[in-house]
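Q: Got a structure for you, written out below as structure tokens; questions coming shortly.
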Amino acid sequence: MSRSFKTIALTGKYRDPRVGDSMLILARHLAAAGVRVVLDPEVRMDFQEAPVETLPETELGAAADLVIAVGGDGTMLYASRLVAGRDVPLLGINRGRLGFLADITPGEMLRRLDEVLAGDYDEEHRLMLEAVIDNGDAPPRRALALNDVVLQKRDTGRMLDFENWIDGVYVNTHGGDGLVIATPTGSTAYALSGGGPIIHPNLDAITLVPICPHTLSDRPIVVRSDARIEVRVLQRPDTRAEVACDGLPLGELGSGQRLSVAAASERVVLIHPRGYDYFRLLRSKLHWGRGSQSRFDGSPDG
């Protein structure tokens, strides 16, 4: 059953002329269609005849029936935090570089937007991770991640030693630059550059990818999405570790502290144009099949 989108929030790094121009075109188009358009008050643009309203950032996700993120995948990650757990879908217009998440091009955005408003689209529910740093007597620090939770060293030239457990069972003691704990969505981000596998977004799985491991046999592993992952940094002179969720710092992880990562109860709902093809997206973004024998039309029979 399709949704009704009567209030739509726009978000993007509007100071980029490409993003700002697209947001202006979208606002005018939506207003002409009788849709209420809301924005963060930090967006300082002249929308001219397009009536738009401003709401605090913390209220955008609750007020909107749909959030449209204009930009790259970083903007989509930001928007995912606005809608996480609210059952408010997210639509991405790609004005960035790769566009694994923001998959609608500027040239087709108005046509695709009209299709979405008419109920002609596909929905996809994406897994998120919850990361918690146990601070002992202090309140724990918590954050969500659509892509990944990353343990990384803070000091250049220093190696981290850390242990990890899965469901309370000891797995390994690692030495290296850190660890990427990624969702299927994040499997094509930092985890991929570390040699991790590409995981189809429909799979409920989590991948653990060591960053520059000191031991060559320390390889990525994939576990169930209901697994609980625990990481502890070992005492080593003059080394410091920190945790980031989708690139945003969660905090320092000292020796004796525990990082717990598990699937979050919140999910993110992505909207795709009808006919969305994940493997075609991979071919395009990763430049697969560029040889003379490749199939160009994407059909099984070529």
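Following the order of the structure tokens, first chain is A, next is B, and so on, with residues numbered from 1 inside each chain and ligands from 1 in the order they appear.
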For stretch 190-202 of chain A, find every residue with an atom within 8 Å (counting only C-alpha atoms), except residues of its own chain fewer than 6 positions away, and show them as a ChimeraX atom specification.

A: /A:126,148,180-182,184,208-212,220

Q: Let me see the file: selected residues, C-alpha atoms, as a short mmCIF file (atom, residue, chain, number, x, y, z; two decimals), in the first residue's frame.

A:
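Result went into selection31.cif, see below:
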data_model
loop_
_atom_site.label_atom_id
_atom_site.label_comp_id
_atom_site.auth_asym_id
_atom_site.auth_seq_id
_atom_site.Cartn_x
_atom_site.Cartn_y
_atom_site.Cartn_z
CA ARG A 126 17.76 -0.96 5.93
CA ASP A 148 29.35 1.48 10.13
CA VAL A 180 35.07 -1.60 10.92
CA ILE A 181 31.74 -3.08 11.99
CA ALA A 182 29.43 -2.56 9.04
CA PRO A 184 25.06 -4.39 4.46
CA LEU A 208 33.68 -7.14 10.88
CA VAL A 209 36.66 -5.88 8.87
CA PRO A 210 40.09 -5.34 10.47
CA ILE A 211 41.83 -2.13 9.41
CA CYS A 212 45.44 -2.73 8.33
CA PRO A 220 36.91 -10.11 7.66
#

Q: List every residue of stretch 102-299 of chain A that DSSP, applied to the backbone, labels as strand (DSSP E or B), and write the result as a compact mmCIF listing (two decimals) with C-alpha atoms, in the first residue's frame.

A:
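Writing done, so here's result.txt:
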# COMPACT_ATOMS: atom_id res chain seq x y z
CA ILE A 104 18.21 9.42 -8.44
CA TYR A 121 7.92 3.37 -6.05
CA ASP A 122 9.63 0.60 -4.09
CA GLU A 123 10.43 0.63 -0.38
CA GLU A 124 13.42 -0.92 1.29
CA HIS A 125 14.08 -1.26 5.02
CA ARG A 126 17.76 -0.96 5.93
CA LEU A 127 19.47 -2.33 9.04
CA MET A 128 21.07 0.11 11.48
CA LEU A 129 23.61 -0.52 14.22
CA GLU A 130 23.54 0.73 17.79
CA ALA A 131 26.93 1.41 19.36
CA VAL A 132 27.33 1.85 23.11
CA ILE A 133 30.49 2.76 25.01
CA ASP A 134 30.31 1.62 28.62
CA ARG A 141 27.41 6.91 25.24
CA ARG A 142 25.10 5.71 22.49
CA ALA A 143 24.77 6.38 18.75
CA LEU A 144 23.19 4.86 15.65
CA ALA A 145 24.90 4.04 12.37
CA ASP A 148 29.35 1.48 10.13
CA VAL A 149 30.79 1.70 13.60
CA VAL A 150 34.56 2.18 13.42
CA LEU A 151 37.18 1.65 16.11
CA GLN A 152 40.29 3.56 15.07
CA LYS A 153 43.57 4.76 16.51
CA LEU A 160 46.03 -0.77 18.58
CA ASP A 161 45.71 -4.06 20.44
CA PHE A 162 42.12 -5.07 21.06
CA GLU A 163 39.98 -8.14 21.69
CA ASN A 164 36.54 -8.91 20.40
CA TRP A 165 33.73 -11.22 21.42
CA ILE A 166 30.56 -12.30 19.59
CA VAL A 169 32.30 -15.91 22.98
CA TYR A 170 35.92 -14.79 22.57
CA VAL A 171 36.89 -14.48 18.88
CA ASN A 172 40.34 -12.96 18.52
CA THR A 173 42.97 -10.53 19.74
CA HIS A 174 43.82 -8.07 16.99
CA GLY A 175 46.73 -5.80 16.31
CA GLY A 176 46.39 -3.04 13.72
CA GLY A 178 41.26 -0.67 14.13
CA LEU A 179 38.05 -2.42 13.15
CA VAL A 180 35.07 -1.60 10.92
CA ILE A 181 31.74 -3.08 11.99
CA ALA A 182 29.43 -2.56 9.04
CA ALA A 205 24.05 -9.54 8.47
CA ILE A 206 26.96 -7.64 10.01
CA THR A 207 30.55 -7.73 8.79
CA LEU A 208 33.68 -7.14 10.88
CA VAL A 209 36.66 -5.88 8.87
CA PRO A 210 40.09 -5.34 10.47
CA ILE A 211 41.83 -2.13 9.41
CA ILE A 221 34.07 -12.21 9.03
CA VAL A 222 30.29 -12.02 8.59
CA VAL A 223 27.85 -12.75 11.42
CA ARG A 224 24.09 -12.75 11.91
CA ILE A 229 29.64 -7.70 19.25
CA GLU A 230 31.92 -6.54 22.02
CA VAL A 231 35.34 -4.88 21.68
CA ARG A 232 37.87 -4.05 24.38
CA VAL A 233 41.11 -2.15 23.87
CA ALA A 241 41.48 4.68 20.46
CA GLU A 242 38.23 6.33 19.44
CA VAL A 243 34.89 5.22 18.06
CA ALA A 244 32.98 6.84 15.19
CA CYS A 245 29.47 6.10 13.95
CA LEU A 248 30.76 11.13 13.61
CA PRO A 249 32.79 10.71 16.81
CA LEU A 250 31.10 8.80 19.61
CA GLY A 251 34.05 9.14 21.95
CA GLU A 252 37.34 7.74 23.13
CA LEU A 253 37.59 4.07 24.07
CA ARG A 258 33.80 -1.81 26.48
CA LEU A 259 32.29 -1.05 23.07
CA SER A 260 29.10 -3.00 22.36
CA VAL A 261 27.58 -3.09 18.88
CA ALA A 262 24.32 -4.74 17.89
CA ALA A 263 21.46 -4.29 15.45
CA ALA A 264 19.35 -1.30 16.43
CA SER A 265 15.61 -1.53 16.90
CA GLU A 266 15.39 1.45 14.54
CA ARG A 267 15.43 0.92 10.78
CA VAL A 268 15.69 3.34 7.88
CA VAL A 269 13.14 3.19 5.07
CA LEU A 270 14.57 4.05 1.66
CA ILE A 271 12.44 4.82 -1.36
CA HIS A 272 13.67 3.81 -4.79
CA PRO A 273 12.24 4.43 -8.24

Q: Suppose you want the space between atom CA of A:Tyr276 and atom CA of A:Asp103; what is it in Å?

A: 8.9 Å

Q: Between A:Arg274, A:Arg95, A:Arg28, A:Arg81, which residue has the minimum interatomic distance to A:Gln48, considering only C-alpha atoms?

A: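 Looking only at the distances to A:Gln48, the closest residue turns out to be A:Arg28.
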